[in-house]
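Peer 1: Contents of entry_1.txt (compact mmCIF, C-alpha atoms) are given next:
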# COMPACT_ATOMS: atom_id res chain seq x y z
CA MET A 247 -34.13 -10.26 9.50
CA ALA A 248 -34.42 -10.45 13.30
CA TYR A 249 -31.67 -9.91 15.85
CA PHE A 250 -29.74 -13.14 16.35
CA ASP A 251 -26.79 -12.13 18.56
CA MET A 252 -26.65 -10.63 22.05
CA PRO A 253 -28.73 -7.58 22.97
CA LEU A 254 -26.86 -4.29 22.71
CA GLU A 255 -26.44 -3.86 26.47
CA ALA A 256 -24.67 -7.25 26.58
CA LEU A 257 -22.57 -6.48 23.50
CA GLU A 258 -21.33 -3.26 25.07
CA ILE A 259 -19.67 -5.22 27.90
CA TYR A 260 -18.75 -8.37 25.96
CA ARG A 261 -15.03 -8.86 26.51
CA PRO A 262 -14.28 -12.56 26.11
CA PRO A 263 -10.96 -14.11 27.15
CA ARG A 264 -8.40 -13.86 24.36
CA ARG A 265 -6.93 -17.02 22.87
CA GLU A 266 -3.38 -15.85 22.31
CA PRO A 267 -0.25 -17.93 21.60
CA VAL A 268 2.67 -17.30 23.94
CA ASP A 269 4.92 -16.42 21.01
CA PHE A 270 2.44 -14.03 19.33
CA ASP A 271 4.71 -10.98 19.58
CA ALA A 272 7.85 -12.91 18.67
CA PHE A 273 6.12 -14.45 15.65
CA TRP A 274 5.11 -11.07 14.28
CA ALA A 275 8.41 -9.37 15.14
CA GLN A 276 10.30 -12.03 13.21
CA THR A 277 7.81 -11.93 10.33
CA LEU A 278 8.14 -8.17 9.93
CA ALA A 279 11.92 -8.26 10.33
CA GLU A 280 12.15 -10.78 7.50
CA ALA A 281 9.95 -8.60 5.30
CA ARG A 282 11.99 -5.47 6.07
CA SER A 283 15.23 -7.21 5.18
CA VAL A 284 14.18 -6.62 1.56
CA PRO A 285 14.14 -2.96 0.43
CA LEU A 286 10.66 -1.43 0.25
CA ALA A 287 11.47 0.11 -3.14
CA PRO A 288 8.26 2.18 -3.42
CA ARG A 289 7.32 3.52 -6.85
CA PHE A 290 4.67 6.12 -7.62
CA ASP A 291 4.13 6.33 -11.37
CA SER A 292 1.81 9.07 -12.55
CA VAL A 293 -1.18 7.78 -14.56
CA ASP A 294 -3.97 9.66 -16.32
CA TYR A 295 -7.56 8.56 -15.72
CA GLY A 296 -9.05 11.87 -16.82
CA LEU A 297 -9.56 13.20 -13.30
CA ARG A 298 -9.25 16.99 -13.03
CA THR A 299 -9.17 17.42 -9.26
CA VAL A 300 -7.10 14.37 -8.26
CA GLU A 301 -3.56 13.34 -9.13
CA THR A 302 -3.35 9.57 -9.59
CA TYR A 303 -0.32 7.33 -9.16
CA ASP A 304 0.15 3.64 -9.87
CA VAL A 305 1.89 2.35 -6.73
CA THR A 306 4.27 -0.60 -6.41
CA PHE A 307 6.10 -1.59 -3.24
CA THR A 308 7.75 -4.71 -1.84
CA GLY A 309 5.53 -6.80 0.41
CA TYR A 310 5.81 -10.26 1.90
CA GLY A 311 8.53 -12.49 0.48
CA GLY A 312 9.97 -9.69 -1.65
CA GLN A 313 6.94 -9.77 -3.93
CA PRO A 314 5.71 -6.53 -5.54
CA VAL A 315 2.32 -5.34 -4.29
CA LYS A 316 0.19 -2.92 -6.27
CA GLY A 317 -1.95 0.00 -5.17
CA TRP A 318 -3.13 3.49 -6.03
CA LEU A 319 -2.18 6.83 -4.53
CA LEU A 320 -4.69 9.62 -5.00
CA TYR A 321 -3.70 13.18 -4.10
CA PRO A 322 -5.74 16.40 -4.30
CA THR A 323 -4.65 18.55 -7.25
CA GLY A 324 -2.96 21.84 -6.44
CA VAL A 325 -1.92 20.92 -2.88
CA SER A 326 1.76 20.80 -2.01
CA GLY A 327 1.34 19.06 1.32
CA PRO A 328 2.43 17.21 3.27
CA LEU A 329 -1.05 15.86 3.92
CA PRO A 330 -2.47 13.21 6.23
CA CYS A 331 -2.76 9.93 4.34
CA VAL A 332 -5.58 7.40 4.55
CA VAL A 333 -4.30 3.89 3.81
CA GLU A 334 -7.26 1.72 2.81
CA TYR A 335 -7.65 -2.06 2.70
CA ILE A 336 -10.25 -3.85 0.59
CA GLY A 337 -13.11 -6.23 1.41
CA TYR A 338 -12.96 -9.96 0.74
CA GLY A 339 -12.55 -10.94 -2.90
CA GLY A 340 -11.99 -7.41 -4.18
CA GLY A 341 -8.96 -5.77 -5.75
CA ARG A 342 -7.84 -2.21 -6.34
CA GLY A 343 -10.03 -1.69 -9.42
CA PHE A 344 -9.55 1.76 -10.98
CA PRO A 345 -8.74 5.08 -9.26
CA THR A 346 -12.19 6.36 -10.26
CA GLU A 347 -13.65 4.01 -7.65
CA TRP A 348 -11.75 5.58 -4.73
CA LEU A 349 -12.45 9.32 -4.75
CA LEU A 350 -13.82 10.01 -1.26
CA TRP A 351 -10.65 10.74 0.68
CA SER A 352 -8.83 12.82 -1.91
CA SER A 353 -12.06 14.82 -2.36
CA ALA A 354 -12.02 15.46 1.39
CA GLY A 355 -8.46 16.80 1.16
CA PHE A 356 -6.44 13.75 2.20
CA ALA A 357 -3.79 11.71 0.44
CA HIS A 358 -5.18 8.22 -0.12
CA LEU A 359 -3.28 4.99 -0.69
CA VAL A 360 -5.40 1.96 -1.67
CA MET A 361 -3.64 -1.40 -1.28
CA ASP A 362 -4.39 -4.25 -3.67
CA THR A 363 -4.98 -7.58 -1.89
CA ARG A 364 -2.73 -10.38 -3.10
CA GLY A 365 -4.49 -13.21 -4.89
CA GLN A 366 -7.89 -11.49 -4.74
CA GLY A 367 -9.66 -9.14 -7.09
CA SER A 368 -11.89 -11.47 -9.08
CA ALA A 369 -15.10 -11.47 -7.02
CA TRP A 370 -15.95 -7.79 -7.55
CA LEU A 371 -13.26 -5.08 -8.17
CA HIS A 372 -10.38 -6.48 -10.20
CA GLY A 373 -6.92 -6.89 -8.70
CA ASP A 374 -3.38 -6.89 -10.05
CA THR A 375 -1.28 -8.59 -7.34
CA PRO A 376 -0.84 -12.38 -7.52
CA ASP A 377 -0.19 -14.49 -4.45
CA ILE A 378 3.01 -16.52 -4.05
CA PRO A 379 2.41 -19.93 -5.64
CA ASP A 380 4.72 -21.97 -3.41
CA GLU A 381 3.34 -20.68 -0.07
CA GLY A 382 0.35 -22.15 1.73
CA SER A 383 -0.03 -25.06 -0.66
CA SER A 384 -1.75 -27.48 1.75
CA PRO A 385 -5.36 -28.47 0.97
CA HIS A 386 -7.88 -25.72 1.63
CA TYR A 387 -11.56 -25.05 1.15
CA PRO A 388 -12.15 -22.82 -1.92
CA GLY A 389 -11.48 -19.20 -1.00
CA PHE A 390 -8.68 -17.78 1.16
CA MET A 391 -9.71 -18.47 4.75
CA THR A 392 -8.10 -21.91 5.00
CA GLN A 393 -5.20 -21.47 2.59
CA GLY A 394 -2.11 -22.70 4.45
CA ILE A 395 -4.11 -22.87 7.69
CA LEU A 396 -2.27 -25.85 9.21
CA ASP A 397 0.73 -23.66 10.10
CA PRO A 398 0.80 -19.94 10.96
CA ARG A 399 3.99 -19.57 8.92
CA THR A 400 2.17 -20.57 5.73
CA TYR A 401 -1.26 -19.10 6.44
CA TYR A 402 -2.52 -16.76 3.73
CA TYR A 403 -3.16 -13.80 6.03
CA ARG A 404 0.44 -13.76 7.21
CA ARG A 405 1.30 -12.53 3.74
CA VAL A 406 -1.60 -10.09 3.58
CA PHE A 407 -0.88 -8.52 6.96
CA VAL A 408 2.78 -8.03 6.06
CA ASP A 409 1.72 -6.36 2.80
CA ALA A 410 -0.60 -4.10 4.79
CA ALA A 411 2.10 -3.01 7.23
CA ARG A 412 4.43 -2.33 4.32
CA ALA A 413 1.71 -0.26 2.63
CA VAL A 414 1.87 2.11 5.60
CA GLU A 415 5.63 2.35 5.12
CA ALA A 416 5.13 3.05 1.41
CA ALA A 417 2.68 5.85 2.19
CA ARG A 418 5.11 7.37 4.68
CA SER A 419 7.89 7.32 2.10
CA HIS A 420 6.10 9.79 -0.18
CA SER A 421 7.42 13.35 0.13
CA ARG A 422 3.92 14.87 0.15
CA VAL A 423 2.59 12.63 2.93
CA ASP A 424 2.89 13.60 6.59
CA PRO A 425 4.35 10.44 8.19
CA ALA A 426 2.93 11.40 11.60
CA ARG A 427 -0.66 11.51 10.31
CA ILE A 428 -1.31 8.04 8.90
CA VAL A 429 -4.83 6.64 9.01
CA VAL A 430 -5.73 3.01 8.29
CA THR A 431 -9.23 1.96 7.33
CA GLY A 432 -11.31 -0.62 5.51
CA GLY A 433 -14.56 -2.54 5.70
CA SER A 434 -15.12 -6.23 6.46
CA GLN A 435 -11.85 -7.93 5.46
CA GLY A 436 -10.41 -4.43 5.15
CA GLY A 437 -11.55 -3.76 8.72
CA GLY A 438 -9.82 -6.91 9.95
CA ILE A 439 -6.63 -5.89 8.15
CA THR A 440 -6.98 -2.43 9.71
CA LEU A 441 -6.98 -4.01 13.17
CA ALA A 442 -3.95 -6.12 12.34
CA VAL A 443 -1.99 -3.07 11.19
CA SER A 444 -3.13 -1.17 14.27
CA GLY A 445 -1.40 -3.80 16.38
CA LEU A 446 1.64 -4.22 14.14
CA ALA A 447 2.28 -0.48 13.57
CA PRO A 448 1.46 1.13 16.92
CA ASP A 449 2.66 4.57 15.77
CA ILE A 450 -0.18 5.15 13.29
CA ALA A 451 -2.47 8.03 14.25
CA VAL A 452 -5.97 6.72 13.52
CA ALA A 453 -7.67 3.38 12.79
CA MET A 454 -11.19 3.16 11.36
CA PRO A 455 -12.31 -0.48 11.03
CA ASP A 456 -15.81 -0.87 9.61
CA VAL A 457 -17.80 -4.07 10.37
CA PRO A 458 -14.45 -5.87 10.79
CA PHE A 459 -13.96 -9.46 9.66
CA LEU A 460 -11.18 -11.78 10.96
CA CYS A 461 -12.15 -11.38 14.63
CA HIS A 462 -13.05 -13.86 17.39
CA TYR A 463 -13.03 -16.79 14.96
CA ALA A 464 -14.42 -19.49 17.25
CA ARG A 465 -17.55 -17.47 18.05
CA ALA A 466 -17.93 -16.34 14.43
CA VAL A 467 -18.06 -19.86 13.02
CA ALA A 468 -20.46 -20.91 15.80
CA LEU A 469 -22.90 -18.08 14.99
CA THR A 470 -22.94 -17.83 11.21
CA ASP A 471 -22.96 -20.18 8.28
CA ARG A 472 -22.42 -17.33 5.83
CA ALA A 473 -19.30 -16.97 3.72
CA PRO A 474 -16.44 -16.40 4.26
CA TYR A 475 -16.44 -17.79 7.83
CA ASN A 476 -18.15 -20.94 6.56
CA GLU A 477 -14.94 -21.80 4.68
CA ILE A 478 -13.42 -22.58 8.08
CA THR A 479 -16.45 -24.64 9.08
CA ARG A 480 -16.34 -26.66 5.86
CA PHE A 481 -12.61 -27.31 6.25
CA CYS A 482 -13.07 -28.51 9.83
CA MET A 483 -15.98 -30.72 8.79
CA ILE A 484 -13.65 -32.59 6.44
CA HIS A 485 -10.42 -32.33 8.44
CA ARG A 486 -11.92 -33.45 11.75
CA ASP A 487 -8.53 -34.28 13.24
CA ALA A 488 -7.12 -30.81 12.52
CA VAL A 489 -9.65 -28.60 14.36
CA ASP A 490 -7.30 -27.69 17.23
CA THR A 491 -4.51 -26.94 14.77
CA VAL A 492 -6.83 -24.68 12.74
CA PHE A 493 -7.80 -22.55 15.73
CA ASP A 494 -4.22 -22.49 17.02
CA THR A 495 -3.19 -20.98 13.68
CA LEU A 496 -6.07 -18.51 13.65
CA SER A 497 -5.08 -17.22 17.10
CA TYR A 498 -2.05 -15.57 15.45
CA PHE A 499 -4.37 -13.66 13.12
CA ASP A 500 -7.28 -12.72 15.37
CA GLY A 501 -8.23 -9.04 15.30
CA VAL A 502 -9.01 -9.27 19.01
CA ASN A 503 -5.34 -9.93 19.78
CA PHE A 504 -4.16 -7.10 17.54
CA ALA A 505 -6.75 -4.76 19.07
CA ALA A 506 -5.30 -5.40 22.52
CA ARG A 507 -1.99 -3.96 21.28
CA ALA A 508 -3.33 -0.98 19.33
CA GLN A 509 -2.77 2.60 20.48
CA ALA A 510 -4.19 4.68 17.61
CA ARG A 511 -7.39 6.65 18.09
CA ALA A 512 -10.14 4.43 16.66
CA LEU A 513 -13.59 4.73 15.13
CA PHE A 514 -15.38 1.37 14.70
CA SER A 515 -18.71 0.55 13.11
CA VAL A 516 -21.05 -2.41 13.55
CA GLY A 517 -24.38 -3.53 12.13
CA LEU A 518 -26.54 -5.27 14.73
CA LEU A 519 -28.18 -7.45 12.05
CA ASP A 520 -24.86 -8.42 10.46
CA ASP A 521 -24.88 -12.18 9.89
CA ILE A 522 -21.54 -12.16 8.01
CA CYS A 523 -19.47 -10.55 10.78
CA PRO A 524 -21.68 -11.06 13.85
CA PRO A 525 -21.91 -8.07 16.21
CA SER A 526 -20.38 -9.92 19.16
CA THR A 527 -17.21 -10.57 17.15
CA VAL A 528 -16.91 -6.86 16.40
CA PHE A 529 -17.56 -5.88 20.02
CA ALA A 530 -15.01 -8.45 21.19
CA ALA A 531 -12.36 -6.55 19.23
CA TYR A 532 -13.74 -3.15 20.20
CA ASN A 533 -13.90 -3.90 23.91
CA HIS A 534 -10.34 -5.25 23.89
CA TYR A 535 -9.04 -2.29 21.86
CA ALA A 536 -6.34 -0.64 23.96
CA GLY A 537 -6.33 2.86 22.46
CA PRO A 538 -8.93 5.65 22.66
CA LYS A 539 -12.03 4.53 20.78
CA GLU A 540 -15.56 5.19 19.63
CA ILE A 541 -18.07 2.97 17.86
CA ARG A 542 -21.03 3.80 15.64
CA VAL A 543 -23.83 1.25 16.09
CA TRP A 544 -26.24 0.76 13.17
CA ARG A 545 -29.19 -0.98 14.76
CA TYR A 546 -31.11 -2.12 11.68
CA ASN A 547 -28.28 -2.77 9.23
CA GLN A 548 -26.56 -5.93 8.16
CA HIS A 549 -23.04 -6.16 6.69
CA ASP A 550 -23.52 -2.85 4.93
CA GLY A 551 -23.12 -1.26 8.36
CA GLY A 552 -23.63 2.48 8.13
CA GLY A 553 -22.84 2.66 4.41
CA ALA A 554 -22.75 6.27 3.22
CA HIS A 555 -23.80 7.45 6.69
CA GLN A 556 -20.67 5.85 8.15
CA ALA A 557 -18.54 7.46 5.43
CA VAL A 558 -19.84 10.86 6.56
CA GLU A 559 -19.04 9.93 10.17
CA LYS A 560 -15.48 9.01 9.20
CA VAL A 561 -14.88 12.22 7.23
CA ARG A 562 -16.13 14.28 10.17
CA PHE A 563 -14.03 12.24 12.59
CA LEU A 564 -10.83 13.02 10.67
CA THR A 565 -11.57 16.61 9.73
CA ASN A 566 -12.29 17.40 13.37
CA MET A 567 -8.85 16.06 14.23
CA TRP A 568 -6.84 17.95 11.62
Would you mind writing the file's structure down as structure tokens?

Peer 2:
Amino acid sequence: MAYFDMPLEALEIYRPPRREPVDFDAFWAQTLAEARSVPLAPRFDSVDYGLRTVETYDVTFTGYGGQPVKGWLLYPTGVSGPLPCVVEYIGYGGGRGFPTEWLLWSSAGFAHLVMDTRGQGSAWLHGDTPDIPDEGSSPHYPGFMTQGILDPRTYYYRRVFVDAARAVEAARSHSRVDPARIVVTGGSQGGGITLAVSGLAPDIAVAMPDVPFLCHYARAVALTDRAPYNEITRFCMIHRDAVDTVFDTLSYFDGVNFAARAQARALFSVGLLDDICPPSTVFAAYNHYAGPKEIRVWRYNQHDGGGAHQAVEKVRFLTNMW
């Protein structure tokens, strides 16, 4: 496909005004305080998947609303630690799958916690964490992007972002994890969640969002008709009188606003032909990112971004740090 967004020289300086509610910080402080009023209760149950070089643990911790959230912890065999830990968030529609699908970071010598995404895990990798049935029950377009979207208190990603922040706390609770060396990463939806956690947990060490979703919503829906952003478009097409309310809610969940609060050292990636998460939406978050940062630009790639090449970049980025 051809380039459809701004030229690279324009993207590199694209720093649009942020649409941010006046109570953004108060909203998230209260949300996290409510979540932390329930004990985290992390569990790491050893499981055997036949892996000789990796110890595997079935993880359970308390997320939003006191609900248990699942995950995996993978740890290099024969290492006492404590090790840096990579906390990874999953792309849209996917779940935690099996530990055999997440071997990169433990193979590189890191602890690795993979968080299941509530209510997802049926589009590609399977998941094991249900969503809360009595939250976000207003009408929504099929998918997750508009679930509970008429109020930030009931919006689906409020629950997900709380789970993600609590996943960092669960990783830190493990005796063989160095709590000062926590890394958050993920691609697409996982990249958007990474940005949210970067803003909500400013004491993490490193953030590595790949082709991040959930950024600069108004521009995203104006540029692409691809899923999942088109869920918002379809909802607004039907609920014509709710458009302002929709984008007011989304302003509490915009990766651009979280990026402006982040302090961790960051490595971004972007595909200049990406018509799912348009490049300008990624650069909007990158250019507002408050901490030290780098970005890898993949000029002829779509939503795959750098793929395996980006994985090599990320491993080098971390191993050069520690």

Peer 1: Would you list the contacts of stretch 504-510 of chain A as a list in words, taking every protein, DNA or RNA residue within 8 Å and counting all atoms listed in the file, but skipping same-chain residues closer than 4 positions in sequence?

Peer 2: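 Contacts, in chain order: Leu441, Ala442, Val443, Ser444, Gly445, Leu446, Pro448, Asp449, Ile450, Ala451, Val452, Ala453, Phe499, Asp500, Ala531, Tyr532, His534, Tyr535, Ala536, Gly537 and Pro538 of chain A.
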
Peer 1: Tell me which protein, DNA and RNA residues are within 12 Å of A:Arg427, counting only C-alpha atoms, leaving out same-chain ones fewer than 3 positions away, and put them as a list of chain:residue names.

Peer 2: A:Gly327, A:Pro328, A:Leu329, A:Pro330, A:Cys331, A:Val332, A:Val333, A:Phe356, A:Ala357, A:His358, A:Val414, A:Ala417, A:Arg418, A:Arg422, A:Val423, A:Asp424, A:Val430, A:Asp449, A:Ile450, A:Ala451, A:Val452, A:Ala453, A:Ala510, A:Arg511, A:Leu564, A:Met567, A:Trp568

Peer 1: I'd like the interatomic distance between atom CA of A:Phe459 and atom CA of A:Phe270, to a tenth of an Å.

Peer 2: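 These atoms are spaced 19.6 Å apart.
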
Peer 1: Quick one: pull the distance between atom CA of A:His372 and atom CA of A:Arg342, Å, one decimal.

Peer 2: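 Rounded to one decimal, the two atoms are 6.3 Å apart.
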
Peer 1: Quick one: residues within 12 Å of stretch 479-489 of chain A, all atoms listed in the file counted, chain neighbours fewer than 2 positions away excluded, as a compact mmCIF listing (two decimals) with C-alpha atoms, in the frame of the given file?

Peer 2:
# COMPACT_ATOMS: atom_id res chain seq x y z
CA SER A 384 -1.75 -27.48 1.75
CA PRO A 385 -5.36 -28.47 0.97
CA HIS A 386 -7.88 -25.72 1.63
CA TYR A 387 -11.56 -25.05 1.15
CA PRO A 388 -12.15 -22.82 -1.92
CA GLY A 389 -11.48 -19.20 -1.00
CA PHE A 390 -8.68 -17.78 1.16
CA MET A 391 -9.71 -18.47 4.75
CA THR A 392 -8.10 -21.91 5.00
CA GLN A 393 -5.20 -21.47 2.59
CA GLY A 394 -2.11 -22.70 4.45
CA ILE A 395 -4.11 -22.87 7.69
CA LEU A 396 -2.27 -25.85 9.21
CA ASP A 397 0.73 -23.66 10.10
CA TYR A 463 -13.03 -16.79 14.96
CA ALA A 464 -14.42 -19.49 17.25
CA ARG A 465 -17.55 -17.47 18.05
CA ALA A 466 -17.93 -16.34 14.43
CA VAL A 467 -18.06 -19.86 13.02
CA ALA A 468 -20.46 -20.91 15.80
CA LEU A 469 -22.90 -18.08 14.99
CA THR A 470 -22.94 -17.83 11.21
CA ASP A 471 -22.96 -20.18 8.28
CA ARG A 472 -22.42 -17.33 5.83
CA ALA A 473 -19.30 -16.97 3.72
CA PRO A 474 -16.44 -16.40 4.26
CA TYR A 475 -16.44 -17.79 7.83
CA ASN A 476 -18.15 -20.94 6.56
CA GLU A 477 -14.94 -21.80 4.68
CA THR A 491 -4.51 -26.94 14.77
CA VAL A 492 -6.83 -24.68 12.74
CA PHE A 493 -7.80 -22.55 15.73
CA ASP A 494 -4.22 -22.49 17.02
CA THR A 495 -3.19 -20.98 13.68
CA LEU A 496 -6.07 -18.51 13.65

Peer 1: Considering all atoms listed in the file, can you say which of A:Val558, A:Ile478, A:Val315, A:Ala411 comes closest to A:Trp274?

Peer 2: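 Closest residue, counting all atoms listed in the file: A:Ala411.
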
Peer 1: What is the distance, in Å and to one decimal place, between atom CA of A:Gly312 and atom CA of A:Ala426?

Peer 2: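 Between atom CA of A:Gly312 and atom CA of A:Ala426 the gap works out to 25.9 Å.
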
Peer 1: For A:Leu319, list every protein, DNA or RNA residue within 9 Å, evaluated using only C-alpha atoms, and leave out those in the same chain fewer than 6 positions away; present the list as a list of chain:residue names.

Peer 2: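 Final neighbour list, sorted by chain and number: A:Phe290, A:Glu301, A:Thr302, A:Tyr303, A:Asp304, A:Val305, A:Pro345, A:Ala357, A:His358, A:Leu359, A:Val360, A:Met361, A:Ala417.
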
Peer 1: Keeping only C-alpha atoms, write the selected residues as a PDB file, keeping the file's coordinate frame.

Peer 2:
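So the final result, stored in result-v3.pdb, reads:
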ATOM      1  CA  PHE A 290       4.670   6.120  -7.620  1.00  0.00           C
ATOM      2  CA  GLU A 301      -3.560  13.340  -9.130  1.00  0.00           C
ATOM      3  CA  THR A 302      -3.350   9.570  -9.590  1.00  0.00           C
ATOM      4  CA  TYR A 303      -0.320   7.330  -9.160  1.00  0.00           C
ATOM      5  CA  ASP A 304       0.150   3.640  -9.870  1.00  0.00           C
ATOM      6  CA  VAL A 305       1.890   2.350  -6.730  1.00  0.00           C
ATOM      7  CA  PRO A 345      -8.740   5.080  -9.260  1.00  0.00           C
ATOM      8  CA  ALA A 357      -3.790  11.710   0.440  1.00  0.00           C
ATOM      9  CA  HIS A 358      -5.180   8.220  -0.120  1.00  0.00           C
ATOM     10  CA  LEU A 359      -3.280   4.990  -0.690  1.00  0.00           C
ATOM     11  CA  VAL A 360      -5.400   1.960  -1.670  1.00  0.00           C
ATOM     12  CA  MET A 361      -3.640  -1.400  -1.280  1.00  0.00           C
ATOM     13  CA  ALA A 417       2.680   5.850   2.190  1.00  0.00           C
TER      14      ALA A 417
END

Peer 1: So which one's closest to A:Thr440, A:Gly337, A:Gly311, A:Gly296, A:Pro425? Using all atoms listed in the file, please.

Peer 2: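 Selected residue with least distance to A:Thr440: A:Gly337.
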
Peer 1: Give me the residues within 8 Å of A:Thr299 as a CSV table (one decimal) with C-alpha atoms, in the frame of the given file, counting all atoms listed in the file and dropping any in the same chain fewer than 3 places off.

Peer 2:
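This went into out-v9.csv:
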chain,number,residue,atom,x,y,z
A,322,PRO,CA,-5.7,16.4,-4.3
A,323,THR,CA,-4.6,18.6,-7.2
A,353,SER,CA,-12.1,14.8,-2.4

Peer 1: Out of A:Asp409, A:Asp520, A:Asp269, A:Asp377, which residue has the shortest atom-to-atom distance to A:Leu286 when counting only C-alpha atoms?

Peer 2: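 Among the listed residues, A:Asp409 lies closest to A:Leu286.
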
Peer 1: Between A:Thr527, A:Thr346, A:Ser326, A:Thr431, which has the minimum distance to A:Gly501 (counting all atoms listed in the file)?

Peer 2: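 Using all atoms listed in the file, the shortest distance to A:Gly501 belongs to A:Thr527.
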
Peer 1: Have a look at A:Trp351, A:Lys316, A:Phe344, A:Ile378 and name the one nearest to A:Val429; count all atoms listed in the file.

Peer 2: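 Under the stated criterion, the closest residue is A:Trp351.
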
Peer 1: Tell me which of A:Glu559, A:Glu334, A:Asp490, A:Glu266 sits closest to A:Gly438, counting only C-alpha atoms.

Peer 2: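 Counting only C-alpha atoms, the residue closest to A:Gly438 is A:Glu334.
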
Peer 1: Pull out stretch 542-560 of chain A, keep C-alpha atoms, and write it as a PDB file, in the first residue's frame.

Peer 2:
ATOM      1  CA  ARG A 542      12.407   2.751  15.667  1.00  0.00           C
ATOM      2  CA  VAL A 543      10.718   3.706  12.384  1.00  0.00           C
ATOM      3  CA  TRP A 544       9.849   0.887   9.973  1.00  0.00           C
ATOM      4  CA  ARG A 545       9.283   2.688   6.702  1.00  0.00           C
ATOM      5  CA  TYR A 546       7.670  -0.064   4.629  1.00  0.00           C
ATOM      6  CA  ASN A 547       5.763  -1.990   7.286  1.00  0.00           C
ATOM      7  CA  GLN A 548       2.153  -1.962   8.329  1.00  0.00           C
ATOM      8  CA  HIS A 549       0.813  -3.022  11.738  1.00  0.00           C
ATOM      9  CA  ASP A 550       3.463  -5.709  11.985  1.00  0.00           C
ATOM     10  CA  GLY A 551       5.899  -2.871  12.668  1.00  0.00           C
ATOM     11  CA  GLY A 552       9.421  -4.221  12.951  1.00  0.00           C
ATOM     12  CA  GLY A 553       8.312  -7.754  13.812  1.00  0.00           C
ATOM     13  CA  ALA A 554      11.308  -9.942  14.682  1.00  0.00           C
ATOM     14  CA  HIS A 555      13.659  -7.062  13.851  1.00  0.00           C
ATOM     15  CA  GLN A 556      11.991  -4.959  16.553  1.00  0.00           C
ATOM     16  CA  ALA A 557      12.260  -7.856  19.010  1.00  0.00           C
ATOM     17  CA  VAL A 558      16.030  -7.874  18.441  1.00  0.00           C
ATOM     18  CA  GLU A 559      16.092  -4.104  18.976  1.00  0.00           C
ATOM     19  CA  LYS A 560      14.245  -4.489  22.272  1.00  0.00           C
TER      20      LYS A 560
END
